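Undergrad: This is the structure I have questions about; it appears just below.
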4 protein chains.
Amino acid sequence: MMVTLNDARRVIAAAETKAQEIGQPSNIAVVDAGGNLVAFARMDKAWMGSIDIAINKAFTARAFDISTEKLGELSQPGGQFFGILASNHGRVMIFAGGVPLRKGDEIVGAIGVSGGMKDQDIALAEAGARAF
Amino acid sequence: MMVTLNDARRVIAAAETKAQEIGQPSNIAVVDAGGNLVAFARMDKAWMGSIDIAINKAFTARAFDISTEKLGELSQPGGQFFGILASNHGRVMIFAGGVPLRKGDEIVGAIGVSGGMKDQDIALAEAGARAF
Amino acid sequence: MMVTLNDARRVIAAAETKAQEIGQPSNIAVVDAGGNLVAFARMDKAWMGSIDIAINKAFTARAFDISTEKLGELSQPGGQFFGILASNHGRVMIFAGGVPLRKGDEIVGAIGVSGGMKDQDIALAEAGARAF
Amino acid sequence: MMVTLNDARRVIAAAETKAQEIGQPSNIAVVDAGGNLVAFARMDKAWMGSIDIAINKAFTARAFDISTEKLGELSQPGGQFFGILASNHGRVMIFAGGVPLRKGDEIVGAIGVSGGMKDQDIALAEAGARAF
């Protein structure tokens with residue numbers, strides 16, 4: 001499915017390095033082209049409730065081929081995707097930290113990060129995506 | 001898991017005493033560091049639909065190491081955690097009444113209270129947390 | 001609903017005393033006539049996966065006005081209730097440890113115990129029911 | 001929570017080495033004392049449907065402090081835990097491949113492996129547990 005375990009580990013390692021730089025323990029997940037989990041790491045002291053969120057941010061970023069930050073903007077009350085939360089059996093996350101992984105022009109997976117404030121989650125997810 | 005049954009009962013007793021003072025029958029739950037239930041009490045005439053809510057407020061306060069009141073503020077439309085409700089299989093509660101339990105600097109569990117208006121739930125949860 | 005919080009606590013205390021006698025930390029739940037939780041206690045070192053089971057044994061014993069041991073016998077492959085597990089959204093438990101609570105001839109609640117082997121769970125649940 | 005990310009990675013690496021020896025790509029998960037995921041790896045070409053199974057085998061082994069192989073024996077028709085599957089919202093797995101992780105006499109987490117035949121999953125899980 002185009003994201004190997006080695007790829008996923010390299011992506012997680014890059015996000016983890018960034019997390020250490022900014023001092024924010026986080027949950028980091030990588031999914032493949034099918035939206036299915038390849039690898040996951042919860043850093044020591046990262047939020048327990050964010051395990052599920054990191055995995056689902058990655059799912060969401062691949063499921064709709066969009067960053068969850070952008071999807072969140074479109075999913076506010078009055079927005080065209082308001083209500084998308086009700087789909088996919090609780091797997092859609094509409095706040096920042098999910099970023100697609102690309103091979104050339106094609107999206108072949110995604111990274112999801114959860115553990116800090118919005119800008120922190122984005123910084124980690126983008127650092128991970130750059131390492132792909 | 002750092003919250004014993006005795007601890008949980010002491011916390012519930014303190015919240016219950018406060019409930020009697022203000023005349024608001026409530027549901028009171030205590031979870032441990034893993035977010036798992038240690039003890040629960042529904043006071044006579046407390047809302048039946050709040051059983052689940054009290055347990056999940058406690059889960060949420062531990063899962064994100066934050067009061068559910070504060071999490072609720074961050075989870076309004078346009079807020080950075082809007083949509084968090086969809087995570088964790090229906091266990092995230094984003095209104096007031098969930099408060100972390102601390103041992104020194106470490107959060108090792110939480111109390112969740114549901115049964116009254118916002119300020120009442122907070123008053124009970126904080127009374128419980130102080131008894132920990 | 002005919003099981004007060006005081007009733008539930010007396011029932012739990014009796015089961016807990018029995019648990020201490022036989023040295024088996026357990027999860028103990030009491031529900032009212034509506035099948036809804038009144039009180040719960042997880043003894044220190046009791047199985048975490050049995051929190052849900054204790055609560056649902058109590059629900060089941062009240063939902064069908066039968067001990068879960070008896071219901072289990074009727075729910076084996078080939079039995080007339082085989083498949084009952086699929087009902088009630090995962091809340092039906094068909095192994096021993098759930099026992100109805102009676103006021104005269106009427107069933108007004110139930111106790112559910114989970115944490116040990118079959119005979120231990122039954123002993124605790126019956127000790128609790130006798131204290132009602 | 002007594003299983004660090006480093007611990008979990010060492011456990012996964014040992015299981016992965018064993019998987020390579022026997023030529024069986026597998027899903028490998030490690031949970032902490034609260035039953036919550038610490039780390040996960042899906043080896044290339046491992047079954048997609050076993051992601052969830054590996055995670056839940058680990059949950060189950062910690063939730064009941066027992067290998068899932070042993071729990072499976074007790075959960076057959078007529079056995080004392082028949083029906084346990086319906087509990088814990090679909091998270092109980094009753095076939096081999098979940099093994100508790102111990103610190104001295106205490107169980108502080110678990111490993112779950114899914115991807116091969118029974119004896120393969122057990123071999124990997126035990127190799128992982130030995131590395132803890």
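We name chains A, B, ... following the order of the structure tokens; residues begin at 1 in each chain, and ligands are numbered from 1 as shown.
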Would you list the contacts of segment 93-96 of chain B as a PyMOL selection string, taking every protein, DNA or RNA residue within 9 Å and counting only C-alpha atoms, but skipping same-chain residues closer than 4 positions in sequence?

TA: chain B and resi 53-54+56-61+67-73+75+84-85+112-114+118-119+121-122

Undergrad: Atoms to include: C-alpha atoms. Write the selected residues as a tab-separated table (two decimals), in the first residue's frame.

TA:
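The result, written out as out_18.tsv:
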```
chain	number	residue	atom	x	y	z
B	53	ILE	CA	-21.94	11.46	31.73
B	54	ALA	CA	-20.31	11.42	35.16
B	56	ASN	CA	-17.14	9.99	30.98
B	57	LYS	CA	-16.36	13.38	32.49
B	58	ALA	CA	-13.93	11.58	34.78
B	59	PHE	CA	-12.45	9.68	31.83
B	60	THR	CA	-12.07	12.89	29.83
B	61	ALA	CA	-10.42	14.87	32.61
B	67	SER	CA	-10.80	20.05	33.55
B	68	THR	CA	-13.71	19.35	31.25
B	69	GLU	CA	-14.78	22.97	31.77
B	70	LYS	CA	-11.55	24.19	30.18
B	71	LEU	CA	-11.69	21.54	27.45
B	72	GLY	CA	-15.22	22.68	26.66
B	73	GLU	CA	-14.03	26.24	26.11
B	75	SER	CA	-13.93	22.76	21.83
B	84	ILE	CA	-13.01	16.20	19.79
B	85	LEU	CA	-16.42	14.81	20.75
B	112	GLY	CA	-16.54	13.35	37.23
B	113	VAL	CA	-19.79	14.79	38.53
B	114	SER	CA	-23.10	15.12	36.71
B	118	LYS	CA	-22.64	23.81	35.62
B	119	ASP	CA	-21.61	25.60	38.79
B	121	ASP	CA	-21.19	20.09	39.12
B	122	ILE	CA	-17.96	22.07	39.38
```

Undergrad: Give the alpha helix (DSSP H) residues of chain D, as assigned by DSSP on the backbone, as a PyMOL selection string.

TA: chain D and resi 5-22+50-63+68-74+118-130

Undergrad: Restricted to C-alpha atoms, what would the selected residues look like written as a PDB file, in the first residue's frame?

TA:
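Generated file (again14.pdb):
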```pdb
ATOM      1  CA  LEU D   5       7.924   3.977  24.726  1.00  0.00           C
ATOM      2  CA  ASN D   6      11.465   2.593  24.844  1.00  0.00           C
ATOM      3  CA  ASP D   7      10.211  -0.540  26.619  1.00  0.00           C
ATOM      4  CA  ALA D   8       7.494  -0.988  24.039  1.00  0.00           C
ATOM      5  CA  ARG D   9       9.901  -0.580  21.140  1.00  0.00           C
ATOM      6  CA  ARG D  10      12.296  -3.159  22.605  1.00  0.00           C
ATOM      7  CA  VAL D  11       9.402  -5.606  22.986  1.00  0.00           C
ATOM      8  CA  ILE D  12       8.209  -5.003  19.418  1.00  0.00           C
ATOM      9  CA  ALA D  13      11.747  -5.347  18.036  1.00  0.00           C
ATOM     10  CA  ALA D  14      12.131  -8.767  19.671  1.00  0.00           C
ATOM     11  CA  ALA D  15       8.805  -9.970  18.289  1.00  0.00           C
ATOM     12  CA  GLU D  16       9.721  -8.583  14.882  1.00  0.00           C
ATOM     13  CA  THR D  17      13.035 -10.425  14.858  1.00  0.00           C
ATOM     14  CA  LYS D  18      11.197 -13.631  15.610  1.00  0.00           C
ATOM     15  CA  ALA D  19       8.712 -12.879  12.829  1.00  0.00           C
ATOM     16  CA  GLN D  20      11.547 -12.499  10.355  1.00  0.00           C
ATOM     17  CA  GLU D  21      13.094 -15.787  11.501  1.00  0.00           C
ATOM     18  CA  ILE D  22       9.893 -17.699  10.848  1.00  0.00           C
ATOM     19  CA  SER D  50      -5.247  -7.968  12.233  1.00  0.00           C
ATOM     20  CA  ILE D  51      -4.333  -4.413  13.195  1.00  0.00           C
ATOM     21  CA  ASP D  52      -7.381  -4.237  15.428  1.00  0.00           C
ATOM     22  CA  ILE D  53      -6.872  -7.813  16.612  1.00  0.00           C
ATOM     23  CA  ALA D  54      -3.288  -7.279  17.730  1.00  0.00           C
ATOM     24  CA  ILE D  55      -4.232  -4.136  19.661  1.00  0.00           C
ATOM     25  CA  ASN D  56      -7.163  -5.894  21.298  1.00  0.00           C
ATOM     26  CA  LYS D  57      -5.212  -9.015  22.177  1.00  0.00           C
ATOM     27  CA  ALA D  58      -2.830  -6.778  24.090  1.00  0.00           C
ATOM     28  CA  PHE D  59      -5.765  -5.011  25.766  1.00  0.00           C
ATOM     29  CA  THR D  60      -7.338  -8.329  26.723  1.00  0.00           C
ATOM     30  CA  ALA D  61      -4.170  -9.850  28.157  1.00  0.00           C
ATOM     31  CA  ARG D  62      -3.829  -6.821  30.465  1.00  0.00           C
ATOM     32  CA  ALA D  63      -7.534  -6.445  31.192  1.00  0.00           C
ATOM     33  CA  THR D  68      -5.442 -14.773  25.520  1.00  0.00           C
ATOM     34  CA  GLU D  69      -4.667 -18.404  24.735  1.00  0.00           C
ATOM     35  CA  LYS D  70      -5.691 -19.427  28.264  1.00  0.00           C
ATOM     36  CA  LEU D  71      -8.696 -17.089  28.244  1.00  0.00           C
ATOM     37  CA  GLY D  72      -9.797 -18.661  24.985  1.00  0.00           C
ATOM     38  CA  GLU D  73      -9.811 -22.099  26.573  1.00  0.00           C
ATOM     39  CA  LEU D  74     -12.050 -20.821  29.379  1.00  0.00           C
ATOM     40  CA  LYS D 118      -1.802 -19.722  16.516  1.00  0.00           C
ATOM     41  CA  ASP D 119       1.649 -21.083  17.271  1.00  0.00           C
ATOM     42  CA  GLN D 120       3.312 -18.312  15.306  1.00  0.00           C
ATOM     43  CA  ASP D 121       1.434 -15.559  17.126  1.00  0.00           C
ATOM     44  CA  ILE D 122       2.331 -17.154  20.460  1.00  0.00           C
ATOM     45  CA  ALA D 123       6.000 -17.502  19.520  1.00  0.00           C
ATOM     46  CA  LEU D 124       6.218 -13.832  18.597  1.00  0.00           C
ATOM     47  CA  ALA D 125       4.334 -12.616  21.665  1.00  0.00           C
ATOM     48  CA  GLU D 126       6.493 -14.665  23.989  1.00  0.00           C
ATOM     49  CA  ALA D 127       9.676 -13.491  22.290  1.00  0.00           C
ATOM     50  CA  GLY D 128       8.445  -9.938  22.821  1.00  0.00           C
ATOM     51  CA  ALA D 129       7.518 -10.513  26.450  1.00  0.00           C
ATOM     52  CA  ARG D 130      10.938 -12.001  27.202  1.00  0.00           C
TER      53      ARG D 130
END
```

Undergrad: Quick one: which chain B residues come within 7 Å of chain A, and what is the nearest atom pair for each with the distance in Å to one decimal, counting only C-alpha atoms, rows ordered by chain and ascending number, as CSV?

TA:
```
residue,atom,partner,partner_atom,distance
B:Ala63,CA,A:Gly49,CA,4.2
B:Phe64,CA,A:Trp47,CA,5.3
B:Pro77,CA,A:Gln76,CA,6.0
B:Gly78,CA,A:Gln76,CA,6.6
B:Gln80,CA,A:Lys118,CA,6.1
B:Phe81,CA,A:Phe95,CA,6.1
B:Phe82,CA,A:Phe95,CA,6.6
B:Gly83,CA,A:Ile94,CA,5.7
B:Ala86,CA,A:Gly90,CA,5.2
B:Ser87,CA,A:Ile53,CA,6.0
B:Asn88,CA,A:Asp52,CA,6.0
B:His89,CA,A:Gly90,CA,6.5
```

Undergrad: Kindly give the distance, in Å, that separates atom CA of Met2 of chain B and atom CA of Asp105 of chain B, rounded to a single decimal.

TA: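 Interatomic distance here is 13.4 Å.
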
Undergrad: Residues of segment 1-88 of chain A in strand (DSSP E or B) according to DSSP, as a PyMOL selection string?

TA: chain A and resi 27-31+37-42

Undergrad: In Å to one decimal, how far is atom CA of Gly34 of chain C from atom CA of Glu106 of chain C?

TA: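 Atom CA of Gly34 of chain C lies 13.2 Å from atom CA of Glu106 of chain C.
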
Undergrad: Between B:Val38, B:Phe132, B:Gln24, B:Gly79, which residue has the minimum interatomic distance to Leu101 of chain B, considering only C-alpha atoms?

TA: B:Phe132

Undergrad: Mind checking which residues fall within 7 Å of Val108 of chain B, counting only C-alpha atoms, ignoring those fewer than 4 positions away in the same chain, and posting them as a PyMOL selection string?

TA: chain B and resi 2-3+32-33+101-103

Undergrad: Please produce a file of those selected residues containing N, CA, C and O atoms, as an mmCIF file, in the first residue's frame.

TA:
```cif
data_model
loop_
_atom_site.group_PDB
_atom_site.id
_atom_site.type_symbol
_atom_site.label_atom_id
_atom_site.label_comp_id
_atom_site.auth_asym_id
_atom_site.auth_seq_id
_atom_site.Cartn_x
_atom_site.Cartn_y
_atom_site.Cartn_z
ATOM 1 N N MET B 2 -2.568 3.874 41.385
ATOM 2 C CA MET B 2 -2.396 5.132 42.098
ATOM 3 C C MET B 2 -3.681 5.790 42.607
ATOM 4 O O MET B 2 -3.619 6.828 43.242
ATOM 5 N N VAL B 3 -4.841 5.238 42.332
ATOM 6 C CA VAL B 3 -6.062 5.655 43.029
ATOM 7 C C VAL B 3 -6.674 4.389 43.625
ATOM 8 O O VAL B 3 -7.196 3.542 42.900
ATOM 9 N N ASP B 32 -9.023 5.927 37.605
ATOM 10 C CA ASP B 32 -7.600 5.862 37.949
ATOM 11 C C ASP B 32 -6.736 6.439 36.821
ATOM 12 O O ASP B 32 -7.261 7.038 35.872
ATOM 13 N N ALA B 33 -5.426 6.233 36.925
ATOM 14 C CA ALA B 33 -4.496 6.801 35.947
ATOM 15 C C ALA B 33 -4.734 6.272 34.541
ATOM 16 O O ALA B 33 -4.407 6.937 33.554
ATOM 17 N N LEU B 101 -7.312 14.490 39.331
ATOM 18 C CA LEU B 101 -6.827 14.242 40.699
ATOM 19 C C LEU B 101 -5.298 14.186 40.641
ATOM 20 O O LEU B 101 -4.738 13.483 39.812
ATOM 21 N N ARG B 102 -4.641 14.916 41.535
ATOM 22 C CA ARG B 102 -3.183 15.049 41.483
ATOM 23 C C ARG B 102 -2.509 14.446 42.716
ATOM 24 O O ARG B 102 -3.025 14.565 43.827
ATOM 25 N N LYS B 103 -1.366 13.823 42.472
ATOM 26 C CA LYS B 103 -0.431 13.462 43.551
ATOM 27 C C LYS B 103 0.804 14.297 43.300
ATOM 28 O O LYS B 103 1.564 14.002 42.376
#
```

Undergrad: How many Å separate atom CA of Ala39 of chain A from atom CA of Ile66 of chain B?

TA: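 These atoms are spaced 27.3 Å apart.
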